[in-house]
>>> print(open('model-v3.cif').read())   # mmCIF, C-alpha atoms and all ligand atoms
data_entry
loop_
_atom_site.group_PDB
_atom_site.id
_atom_site.type_symbol
_atom_site.label_atom_id
_atom_site.label_comp_id
_atom_site.auth_asym_id
_atom_site.auth_seq_id
_atom_site.Cartn_x
_atom_site.Cartn_y
_atom_site.Cartn_z
ATOM 1 C CA PRO A 160 16.563 15.367 12.469
ATOM 2 C CA THR A 161 15.194 14.616 15.907
ATOM 3 C CA PRO A 162 11.866 12.805 16.224
ATOM 4 C CA ASP A 163 10.361 16.053 17.546
ATOM 5 C CA GLY A 164 11.574 17.886 14.460
ATOM 6 C CA TRP A 165 10.381 15.441 11.860
ATOM 7 C CA ARG A 166 7.014 14.921 13.553
ATOM 8 C CA ALA A 167 6.454 18.681 13.672
ATOM 9 C CA VAL A 168 7.271 18.886 9.960
ATOM 10 C CA ASP A 169 4.955 15.987 9.182
ATOM 11 C CA THR A 170 2.102 17.669 11.056
ATOM 12 C CA TYR A 171 2.866 20.961 9.299
ATOM 13 C CA LEU A 172 2.830 19.338 5.864
ATOM 14 C CA ALA A 173 -0.226 17.214 6.582
ATOM 15 C CA ASP A 174 -2.177 20.220 7.890
ATOM 16 C CA LEU A 175 -1.256 22.302 4.837
ATOM 17 C CA LEU A 176 -1.500 19.732 2.074
ATOM 18 C CA VAL A 177 -3.648 16.842 3.225
ATOM 19 C CA GLY A 178 -6.104 18.560 5.523
ATOM 20 C CA HIS A 179 -8.670 16.929 7.745
ATOM 21 C CA ASP A 180 -11.522 14.712 6.784
ATOM 22 C CA ASP A 181 -14.159 13.451 9.215
ATOM 23 C CA VAL A 182 -14.720 10.216 7.331
ATOM 24 C CA LEU A 183 -11.039 9.289 7.334
ATOM 25 C CA GLU A 184 -10.554 10.280 10.959
ATOM 26 C CA GLN A 185 -13.628 8.272 11.972
ATOM 27 C CA ALA A 186 -12.254 5.311 10.014
ATOM 28 C CA LEU A 187 -9.094 5.425 12.123
ATOM 29 C CA ARG A 188 -11.077 5.755 15.370
ATOM 30 C CA ASP A 189 -13.220 2.758 14.407
ATOM 31 C CA GLN A 190 -10.149 0.753 13.439
ATOM 32 C CA ASP A 191 -8.648 1.534 16.832
ATOM 33 C CA ALA A 192 -11.888 0.773 18.714
ATOM 34 C CA ALA A 193 -12.044 -2.613 16.982
ATOM 35 C CA GLY A 194 -8.578 -3.403 18.307
ATOM 36 C CA LEU A 195 -6.780 -3.271 14.956
ATOM 37 C CA PRO A 196 -3.177 -2.064 15.061
ATOM 38 C CA SER A 197 -2.483 1.533 13.966
ATOM 39 C CA ILE A 198 -0.218 0.460 11.120
ATOM 40 C CA GLU A 199 -2.081 2.190 8.300
ATOM 41 C CA VAL A 200 -0.070 4.562 6.122
ATOM 42 C CA ALA A 201 0.453 8.117 7.380
ATOM 43 C CA PRO A 202 -1.807 10.804 5.893
ATOM 44 C CA VAL A 203 0.976 12.341 3.758
ATOM 45 C CA ASN A 204 1.801 8.875 2.453
ATOM 46 C CA ALA A 205 -1.862 8.094 1.748
ATOM 47 C CA LYS A 206 -2.143 11.323 -0.210
ATOM 48 C CA PHE A 207 0.989 10.342 -2.143
ATOM 49 C CA LEU A 208 -0.644 7.035 -3.129
ATOM 50 C CA HIS A 209 -3.805 8.882 -4.079
ATOM 51 C CA LEU A 210 -1.863 11.309 -6.288
ATOM 52 C CA LEU A 211 0.145 8.485 -7.880
ATOM 53 C CA ALA A 212 -3.110 6.783 -8.848
ATOM 54 C CA ARG A 213 -4.357 10.005 -10.420
ATOM 55 C CA ILE A 214 -1.026 10.734 -12.128
ATOM 56 C CA ALA A 215 -1.132 7.225 -13.582
ATOM 57 C CA GLY A 216 -4.754 7.713 -14.655
ATOM 58 C CA ALA A 217 -5.498 4.483 -12.832
ATOM 59 C CA ARG A 218 -8.912 2.894 -13.306
ATOM 60 C CA ARG A 219 -8.188 -0.445 -11.697
ATOM 61 C CA VAL A 220 -6.196 -0.629 -8.465
ATOM 62 C CA LEU A 221 -5.086 -3.725 -6.564
ATOM 63 C CA GLU A 222 -4.303 -3.379 -2.872
ATOM 64 C CA ILE A 223 -2.772 -6.244 -0.904
ATOM 65 C CA GLY A 224 -3.482 -5.660 2.799
ATOM 66 C CA THR A 225 -6.704 -3.754 3.527
ATOM 67 C CA LEU A 226 -6.492 -3.445 7.328
ATOM 68 C CA GLY A 227 -9.321 -0.991 8.237
ATOM 69 C CA GLY A 228 -9.595 0.477 4.737
ATOM 70 C CA TYR A 229 -7.844 3.805 5.333
ATOM 71 C CA SER A 230 -5.557 3.653 2.281
ATOM 72 C CA THR A 231 -8.379 1.921 0.402
ATOM 73 C CA ILE A 232 -10.594 5.005 0.799
ATOM 74 C CA TRP A 233 -7.782 7.247 -0.427
ATOM 75 C CA LEU A 234 -7.207 5.018 -3.461
ATOM 76 C CA ALA A 235 -10.920 4.695 -4.233
ATOM 77 C CA ARG A 236 -11.262 8.478 -4.162
ATOM 78 C CA ALA A 237 -8.533 8.746 -6.795
ATOM 79 C CA LEU A 238 -10.487 6.803 -9.396
ATOM 80 C CA PRO A 239 -12.720 8.115 -12.155
ATOM 81 C CA GLU A 240 -16.355 7.049 -12.485
ATOM 82 C CA GLY A 241 -16.381 3.313 -13.157
ATOM 83 C CA GLY A 242 -12.989 2.787 -11.531
ATOM 84 C CA ARG A 243 -12.489 -0.049 -9.088
ATOM 85 C CA VAL A 244 -10.221 -1.062 -6.217
ATOM 86 C CA THR A 245 -9.764 -4.742 -5.465
ATOM 87 C CA THR A 246 -8.354 -5.095 -1.969
ATOM 88 C CA ILE A 247 -7.216 -8.322 -0.323
ATOM 89 C CA GLU A 248 -7.457 -8.861 3.419
ATOM 90 C CA ALA A 249 -6.482 -12.044 5.258
ATOM 91 C CA GLU A 250 -8.303 -11.222 8.521
ATOM 92 C CA PRO A 251 -12.117 -11.416 8.277
ATOM 93 C CA ALA A 252 -12.461 -9.115 11.323
ATOM 94 C CA ASN A 253 -10.328 -6.467 9.591
ATOM 95 C CA ALA A 254 -12.430 -6.792 6.448
ATOM 96 C CA ASP A 255 -15.591 -6.149 8.523
ATOM 97 C CA VAL A 256 -14.104 -2.925 9.887
ATOM 98 C CA ALA A 257 -12.997 -1.908 6.393
ATOM 99 C CA ARG A 258 -16.441 -2.636 4.923
ATOM 100 C CA ARG A 259 -18.087 -0.269 7.406
ATOM 101 C CA ASN A 260 -15.456 2.415 6.824
ATOM 102 C CA LEU A 261 -15.786 2.158 3.034
ATOM 103 C CA ALA A 262 -19.574 2.404 3.301
ATOM 104 C CA ARG A 263 -19.328 5.493 5.510
ATOM 105 C CA ALA A 264 -16.987 7.032 2.939
ATOM 106 C CA GLY A 265 -19.516 6.251 0.195
ATOM 107 C CA VAL A 266 -16.987 4.337 -1.902
ATOM 108 C CA GLN A 267 -18.221 0.786 -1.288
ATOM 109 C CA HIS A 268 -19.527 0.560 -4.874
ATOM 110 C CA ARG A 269 -16.004 1.028 -6.210
ATOM 111 C CA VAL A 270 -14.253 -1.376 -3.856
ATOM 112 C CA GLU A 271 -14.266 -5.146 -3.761
ATOM 113 C CA ILE A 272 -12.818 -6.640 -0.580
ATOM 114 C CA VAL A 273 -11.605 -10.183 -1.123
ATOM 115 C CA VAL A 274 -11.094 -12.017 2.161
ATOM 116 C CA GLY A 275 -8.255 -14.517 2.104
ATOM 117 C CA ARG A 276 -4.496 -14.864 2.097
ATOM 118 C CA GLY A 277 -2.855 -13.015 -0.760
ATOM 119 C CA ALA A 278 -1.086 -16.173 -1.904
ATOM 120 C CA ASP A 279 -4.473 -17.906 -2.288
ATOM 121 C CA VAL A 280 -6.486 -14.991 -3.662
ATOM 122 C CA LEU A 281 -4.031 -13.534 -6.171
ATOM 123 C CA PRO A 282 -4.068 -16.559 -8.548
ATOM 124 C CA THR A 283 -7.872 -16.150 -8.839
ATOM 125 C CA LEU A 284 -7.727 -12.516 -10.034
ATOM 126 C CA THR A 285 -7.567 -11.199 -13.568
ATOM 127 C CA GLY A 286 -5.876 -7.974 -14.566
ATOM 128 C CA PRO A 287 -4.754 -5.748 -15.853
ATOM 129 C CA PHE A 288 -4.417 -3.457 -12.865
ATOM 130 C CA ASP A 289 -3.013 0.036 -13.371
ATOM 131 C CA LEU A 290 -1.600 0.401 -9.863
ATOM 132 C CA VAL A 291 -0.721 -2.198 -7.238
ATOM 133 C CA PHE A 292 -0.126 -1.314 -3.585
ATOM 134 C CA ILE A 293 1.631 -4.015 -1.572
ATOM 135 C CA ASP A 294 1.156 -3.534 2.177
ATOM 136 C CA ALA A 295 0.663 -6.917 3.792
ATOM 137 C CA ASP A 296 2.872 -9.552 5.453
ATOM 138 C CA LYS A 297 6.387 -8.596 4.466
ATOM 139 C CA GLU A 298 7.521 -12.222 4.293
ATOM 140 C CA SER A 299 5.423 -12.583 1.115
ATOM 141 C CA ASN A 300 6.642 -9.493 -0.726
ATOM 142 C CA THR A 301 8.259 -11.488 -3.552
ATOM 143 C CA ILE A 302 5.040 -13.480 -4.054
ATOM 144 C CA TYR A 303 3.125 -10.196 -4.193
ATOM 145 C CA LEU A 304 5.589 -8.617 -6.607
ATOM 146 C CA ASP A 305 5.416 -11.631 -8.873
ATOM 147 C CA ALA A 306 1.611 -11.406 -8.800
ATOM 148 C CA ALA A 307 1.779 -7.659 -9.504
ATOM 149 C CA ALA A 308 3.920 -8.327 -12.563
ATOM 150 C CA ARG A 309 1.495 -10.984 -13.782
ATOM 151 C CA LEU A 310 -1.629 -8.893 -13.083
ATOM 152 C CA GLY A 311 -0.211 -5.645 -14.434
ATOM 153 C CA ARG A 312 0.806 -4.440 -17.878
ATOM 154 C CA PRO A 313 3.757 -2.408 -19.073
ATOM 155 C CA GLY A 314 3.334 0.957 -17.353
ATOM 156 C CA THR A 315 1.606 -0.365 -14.252
ATOM 157 C CA VAL A 316 2.782 1.376 -11.074
ATOM 158 C CA VAL A 317 3.752 -0.870 -8.160
ATOM 159 C CA VAL A 318 4.250 0.535 -4.656
ATOM 160 C CA VAL A 319 5.627 -1.450 -1.718
ATOM 161 C CA ASP A 320 5.140 -0.086 1.800
ATOM 162 C CA ASN A 321 7.508 -0.419 4.747
ATOM 163 C CA VAL A 322 10.822 -1.025 3.005
ATOM 164 C CA VAL A 323 13.077 0.656 5.600
ATOM 165 C CA ARG A 324 11.725 -0.410 8.992
ATOM 166 C CA SER A 325 13.621 2.111 11.150
ATOM 167 C CA GLY A 326 16.775 1.332 9.172
ATOM 168 C CA ARG A 327 16.767 -2.382 9.879
ATOM 169 C CA VAL A 328 16.697 -3.160 6.152
ATOM 170 C CA ALA A 329 20.347 -2.044 5.883
ATOM 171 C CA ASP A 330 21.474 -3.536 9.195
ATOM 172 C CA PRO A 331 23.053 -6.914 8.440
ATOM 173 C CA THR A 332 22.494 -8.041 12.026
ATOM 174 C CA ALA A 333 18.709 -7.611 11.615
ATOM 175 C CA ARG A 334 17.532 -11.057 10.537
ATOM 176 C CA ASP A 335 13.845 -11.145 11.473
ATOM 177 C CA THR A 336 11.552 -12.690 8.904
ATOM 178 C CA GLN A 337 9.855 -9.381 8.051
ATOM 179 C CA VAL A 338 13.095 -7.563 7.277
ATOM 180 C CA GLU A 339 14.361 -10.572 5.329
ATOM 181 C CA GLY A 340 11.130 -10.486 3.321
ATOM 182 C CA VAL A 341 11.531 -6.773 2.635
ATOM 183 C CA ARG A 342 15.119 -7.362 1.461
ATOM 184 C CA ARG A 343 14.107 -10.184 -0.873
ATOM 185 C CA GLY A 344 11.454 -7.892 -2.355
ATOM 186 C CA LEU A 345 13.931 -5.066 -2.913
ATOM 187 C CA GLU A 346 16.459 -7.491 -4.429
ATOM 188 C CA MET A 347 13.760 -8.665 -6.821
ATOM 189 C CA LEU A 348 12.908 -5.078 -7.767
ATOM 190 C CA GLY A 349 16.602 -4.490 -8.479
ATOM 191 C CA SER A 350 17.259 -7.610 -10.532
ATOM 192 C CA ASP A 351 14.000 -8.802 -12.131
ATOM 193 C CA PRO A 352 13.743 -7.259 -15.621
ATOM 194 C CA ARG A 353 9.982 -6.887 -15.253
ATOM 195 C CA PHE A 354 10.538 -3.946 -12.867
ATOM 196 C CA ASP A 355 12.293 -0.599 -12.940
ATOM 197 C CA ALA A 356 12.306 0.702 -9.376
ATOM 198 C CA THR A 357 13.567 3.029 -6.713
ATOM 199 C CA ALA A 358 12.838 3.482 -3.021
ATOM 200 C CA LEU A 359 12.543 6.480 -0.730
ATOM 201 C CA GLN A 360 13.096 6.707 2.983
ATOM 202 C CA THR A 361 10.235 8.414 4.754
ATOM 203 C CA LEU A 362 9.943 10.230 8.061
ATOM 204 C CA ASP A 363 6.337 10.794 8.896
ATOM 205 C CA ALA A 364 3.749 10.176 11.581
ATOM 206 C CA LYS A 365 4.684 6.492 11.388
ATOM 207 C CA GLY A 366 8.366 7.098 12.104
ATOM 208 C CA TRP A 367 11.337 6.138 9.923
ATOM 209 C CA ASP A 368 10.297 3.841 7.117
ATOM 210 C CA GLY A 369 10.090 3.938 3.351
ATOM 211 C CA ILE A 370 8.317 3.012 0.153
ATOM 212 C CA ALA A 371 9.513 1.423 -3.033
ATOM 213 C CA VAL A 372 7.985 2.572 -6.303
ATOM 214 C CA ALA A 373 8.334 0.513 -9.457
ATOM 215 C CA LEU A 374 7.176 0.652 -13.029
ATOM 216 C CA LEU A 375 6.353 -2.567 -14.819
ATOM 217 C CA THR A 376 8.386 -2.834 -18.005
ATOM 218 C CA ASP A 377 7.530 -4.755 -21.147
ATOM 219 C CA ALA A 378 10.055 -7.468 -20.256
ATOM 220 C CA ASP A 379 7.401 -10.153 -20.845
ATOM 221 C CA ALA A 380 6.563 -8.931 -24.327
ATOM 222 C CA PRO A 381 7.426 -11.305 -27.187
ATOM 223 C CA ALA A 382 10.602 -10.216 -28.953
HETATM 224 C C1 LIG B 1 3.616 -3.168 10.086
HETATM 225 C C2 LIG B 1 3.019 -3.348 8.864
HETATM 226 C C3 LIG B 1 2.751 -2.285 8.056
HETATM 227 O O1 LIG B 1 2.190 -2.427 6.839
HETATM 228 C C4 LIG B 1 3.083 -0.997 8.453
HETATM 229 O O2 LIG B 1 2.800 0.030 7.608
HETATM 230 C C5 LIG B 1 3.689 -0.790 9.682
HETATM 231 C C6 LIG B 1 3.952 -1.882 10.492
HETATM 232 C C7 LIG B 1 3.901 -4.325 10.942
HETATM 233 O O3 LIG B 1 3.515 -5.443 10.577
HETATM 234 O O4 LIG B 1 4.478 -4.147 12.003
HETATM 235 MG MG MG B 2 2.333 -0.684 5.666
#
>>> encode(input="model-v3.cif", output="structure tokens")
Amino acid sequence: PTPDGWRAVDTYLADLLVGHDDVLEQALRDQDAAGLPSIEVAPVNAKFLHLLARIAGARRVLEIGTLGGYSTIWLARALPEGGRVTTIEAEPANADVARRNLARAGVQHRVEIVVGRGADVLPTLTGPFDLVFIDADKESNTIYLDAAARLGRPGTVVVVDNVVRSGRVADPTARDTQVEGVRRGLEMLGSDPRFDATALQTLDAKGWDGIAVALLTDADAPA
């Protein structure tokens, strides 16, 4: 498809199935006004995460990479009373934007923002989490997957954003550190017995990218 074609379809689907929400649209405007990059998930993708959390009956969600809190709001809204999202953000300025957006959305009581690098914060957390969304520095994807396996339980859903990167993941001449990190993560999902996974290419408002979805197995269970 041409970019015009897939963008028109994305708008069509988002208008029909996701709809418009002042709080979410204001969150994106505030994120933009604060100078944060517009690298949040597309609305159709955010709704997919939201539905996955509900399908999984998730009560505890771990998000790695908060940015301005757009996906965080979607995930928080998927949880039952008493549910909680723990979201990790390395940039204090991003966390400030997210805090305001979460408060405006009225979900601040079900979200804990932990400011710090994932590699430092993750060892301090206790699970089990029912769903883990990995959407931070791609170089660290294997660290995040290992943490997801440790902080999950058999049946936990793990989602990794940005696994296609306009096709660069399958282009052997693409050797930047982000794509290499994405590849190491996908290789781990394919070979580590703690995961059973697949990945889907996506064409949406964010262009050509993709998500990996994995289920944690009981590979760690005593025989
Ligand atoms: C980038 C990161 C993301 O998580 C994303 O969804 C899009 C782009 C980036 O670092 O460029
Ligand atoms: Mg992303």
>>> resolve_selection(input="model-v3.cif", expression="the PyMOL selection byres (((chain A and resi 268) around 12) and not hetatm)", output="list in words")
Ile232, Ala235, Arg236, Leu238, Glu240, Gly241, Gly242, Arg243, Val244, Thr245, Arg258, Leu261, Ala262, Arg263, Ala264, Gly265, Val266, Gln267, Arg269, Val270, Glu271 and Ile272 of chain A
>>> closest_residue(input="model-v3.cif", among="A:Ala308, A:Val291, A:Leu183, A:Val200", to="ligand MG 2 (chain B)", atoms="all atoms listed in the file")
A:Val200
>>> closest_residue(input="model-v3.cif", among="A:Leu226, A:Thr315, A:Leu375, A:Pro282", to="Pro196 of chain A", atoms="all atoms listed in the file")
A:Leu226
>>> axis_aligned_box(input="model-v3.cif", around="segment 245-260 of chain A", padding_each_side="4 Å", output="lines of an AutoDock Vina configuration file")
center_x = -12.3
center_y = -4.8
center_z = 2.9
size_x = 19.6
size_y = 22.5
size_z = 24.8
>>> closest_residue(input="model-v3.cif", among="A:Ile198, A:Leu281, A:Ile214, A:Val274", to="ligand MG 2 (chain B)", atoms="all atoms listed in the file")
A:Ile198
>>> atom_distance(input="model-v3.cif", atom1="atom CA of Arg276 of chain A", atom2="atom CA of Val316 of chain A")
22.1 Å
>>> closest_residue(input="model-v3.cif", among="A:Leu221, A:Val168, A:Ile370, A:Val177", to="ligand MG 2 (chain B)", atoms="only C-alpha atoms and all ligand atoms")
A:Ile370
>>> resolve_selection(input="model-v3.cif", expression="the PyMOL selection byres (((not hetatm)) within 8 of (chain B and resi 1))", output="PyMOL selection string")
chain A and resi 197-200+224+294-297+320-321+337+365
>>> atom_distance(input="model-v3.cif", atom1="atom CA of Gly366 of chain A", atom2="atom CA of Asp163 of chain A")
10.7 Å
>>> atom_distance(input="model-v3.cif", atom1="atom CA of Ala237 of chain A", atom2="atom CA of Glu222 of chain A")
13.4 Å
>>> resolve_selection(input="model-v3.cif", expression="the PyMOL selection byres (((chain A and resi 346) around 12) and not hetatm)", output="ChimeraX atom specification")
/A:300-301,304,322,328,339-345,347-352,354-358,371
>>> residues_around(input="model-v3.cif", residues="Val273 of chain A", least_positions_apart="2", cutoff="9 Å", atoms="only C-alpha atoms", output="ChimeraX atom specification")
/A:245-249,254,271,275,280
>>> residues_around(input="model-v3.cif", residues="Leu172 of chain A", least_positions_apart="4", cutoff="12 Å", atoms="only C-alpha atoms", output="NGL selection string")
:A and (165-168 or 176-179 or 201-204 or 206 or 362-364)
>>> closest_residue(input="model-v3.cif", among="A:Pro331, A:Gly227, A:Gly314, A:Gly194", to="ligand MG 2 (chain B)", atoms="only C-alpha atoms and all ligand atoms")
A:Gly227
>>> closest_residue(input="model-v3.cif", among="A:Ile293, A:Leu187, A:Val256, A:Leu211", to="ligand MG 2 (chain B)", atoms="only C-alpha atoms and all ligand atoms")
A:Ile293
>>> residues_around(input="model-v3.cif", residues="Gly216 of chain A", least_positions_apart="3", cutoff="8 Å", atoms="all atoms listed in the file", output="ChimeraX atom specification")
/A:212-213,238,289
>>> residues_around(input="model-v3.cif", residues="Arg309 of chain A", least_positions_apart="3", cutoff="9 Å", atoms="only C-alpha atoms", output="ChimeraX atom specification")
/A:286-287,304-306,312
>>> build_atoms(input="model-v3.cif", residues="segment 347-382 of chain A", atoms="N, CA and C atoms", output="short mmCIF file (atom, residue, chain, number, x, y, z; two decimals), keeping the file's coordinate frame")
data_model
loop_
_atom_site.label_atom_id
_atom_site.label_comp_id
_atom_site.auth_asym_id
_atom_site.auth_seq_id
_atom_site.Cartn_x
_atom_site.Cartn_y
_atom_site.Cartn_z
N MET A 347 14.54 -8.32 -5.62
CA MET A 347 13.76 -8.66 -6.82
C MET A 347 13.51 -7.42 -7.67
N LEU A 348 13.15 -6.31 -7.02
CA LEU A 348 12.91 -5.08 -7.77
C LEU A 348 14.18 -4.62 -8.48
N GLY A 349 15.33 -4.91 -7.88
CA GLY A 349 16.60 -4.49 -8.48
C GLY A 349 17.08 -5.40 -9.59
N SER A 350 16.67 -6.65 -9.59
CA SER A 350 17.26 -7.61 -10.53
C SER A 350 16.27 -8.19 -11.54
N ASP A 351 15.00 -8.19 -11.24
CA ASP A 351 14.00 -8.80 -12.13
C ASP A 351 13.70 -7.81 -13.25
N PRO A 352 13.91 -8.22 -14.52
CA PRO A 352 13.74 -7.26 -15.62
C PRO A 352 12.31 -6.77 -15.81
N ARG A 353 11.37 -7.37 -15.11
CA ARG A 353 9.98 -6.89 -15.25
C ARG A 353 9.75 -5.56 -14.52
N PHE A 354 10.72 -5.16 -13.67
CA PHE A 354 10.54 -3.95 -12.87
C PHE A 354 11.65 -2.95 -13.12
N ASP A 355 11.31 -1.68 -13.05
CA ASP A 355 12.29 -0.60 -12.94
C ASP A 355 11.87 0.19 -11.70
N ALA A 356 12.76 0.28 -10.70
CA ALA A 356 12.31 0.70 -9.38
C ALA A 356 13.27 1.63 -8.68
N THR A 357 12.75 2.33 -7.69
CA THR A 357 13.57 3.03 -6.71
C THR A 357 12.84 2.93 -5.36
N ALA A 358 13.49 3.47 -4.33
CA ALA A 358 12.84 3.48 -3.02
C ALA A 358 13.24 4.76 -2.30
N LEU A 359 12.34 5.24 -1.48
CA LEU A 359 12.54 6.48 -0.73
C LEU A 359 12.37 6.21 0.75
N GLN A 360 13.29 6.74 1.54
CA GLN A 360 13.10 6.71 2.98
C GLN A 360 12.04 7.75 3.33
N THR A 361 11.24 7.45 4.32
CA THR A 361 10.24 8.41 4.75
C THR A 361 10.34 8.63 6.26
N LEU A 362 10.09 9.87 6.65
CA LEU A 362 9.94 10.23 8.06
C LEU A 362 8.59 10.89 8.17
N ASP A 363 7.67 10.21 8.79
CA ASP A 363 6.34 10.79 8.90
C ASP A 363 5.72 10.34 10.20
N ALA A 364 4.43 10.51 10.32
CA ALA A 364 3.75 10.18 11.58
C ALA A 364 4.02 8.74 12.01
N LYS A 365 4.43 7.90 11.08
CA LYS A 365 4.68 6.49 11.39
C LYS A 365 6.16 6.23 11.69
N GLY A 366 6.95 7.29 11.78
CA GLY A 366 8.37 7.10 12.10
C GLY A 366 9.23 6.99 10.86
N TRP A 367 10.35 6.27 11.01
CA TRP A 367 11.34 6.14 9.92
C TRP A 367 11.05 4.86 9.17
N ASP A 368 10.56 5.02 7.93
CA ASP A 368 10.30 3.84 7.12
C ASP A 368 10.53 4.22 5.66
N GLY A 369 9.86 3.59 4.75
CA GLY A 369 10.09 3.94 3.35
C GLY A 369 9.15 3.20 2.43
N ILE A 370 9.12 3.67 1.17
CA ILE A 370 8.32 3.01 0.15
C ILE A 370 9.17 2.78 -1.07
N ALA A 371 8.93 1.67 -1.72
CA ALA A 371 9.51 1.42 -3.03
C ALA A 371 8.45 1.71 -4.08
N VAL A 372 8.88 2.30 -5.19
CA VAL A 372 7.98 2.57 -6.30
C VAL A 372 8.60 1.95 -7.54
N ALA A 373 7.82 1.20 -8.27
CA ALA A 373 8.33 0.51 -9.46
C ALA A 373 7.38 0.72 -10.61
N LEU A 374 7.95 0.64 -11.80
CA LEU A 374 7.18 0.65 -13.03
C LEU A 374 7.33 -0.72 -13.66
N LEU A 375 6.23 -1.31 -14.10
CA LEU A 375 6.35 -2.57 -14.82
C LEU A 375 6.84 -2.28 -16.24
N THR A 376 7.83 -3.01 -16.66
CA THR A 376 8.39 -2.83 -18.00
C THR A 376 7.67 -3.79 -18.96
N ASP A 377 8.13 -3.81 -20.20
CA ASP A 377 7.53 -4.76 -21.15
C ASP A 377 8.42 -5.99 -21.31
N ALA A 378 9.09 -6.36 -20.20
CA ALA A 378 10.06 -7.47 -20.26
C ALA A 378 9.40 -8.78 -20.69
N ASP A 379 8.08 -8.90 -20.48
CA ASP A 379 7.40 -10.15 -20.84
C ASP A 379 6.93 -10.16 -22.30
N ALA A 380 7.08 -9.00 -22.96
CA ALA A 380 6.56 -8.93 -24.33
C ALA A 380 7.36 -9.85 -25.24
N PRO A 381 6.68 -10.48 -26.23
CA PRO A 381 7.43 -11.30 -27.19
C PRO A 381 8.41 -10.44 -27.98
N ALA A 382 9.56 -10.99 -28.26
CA ALA A 382 10.60 -10.22 -28.95
C ALA A 382 10.18 -9.93 -30.39
#
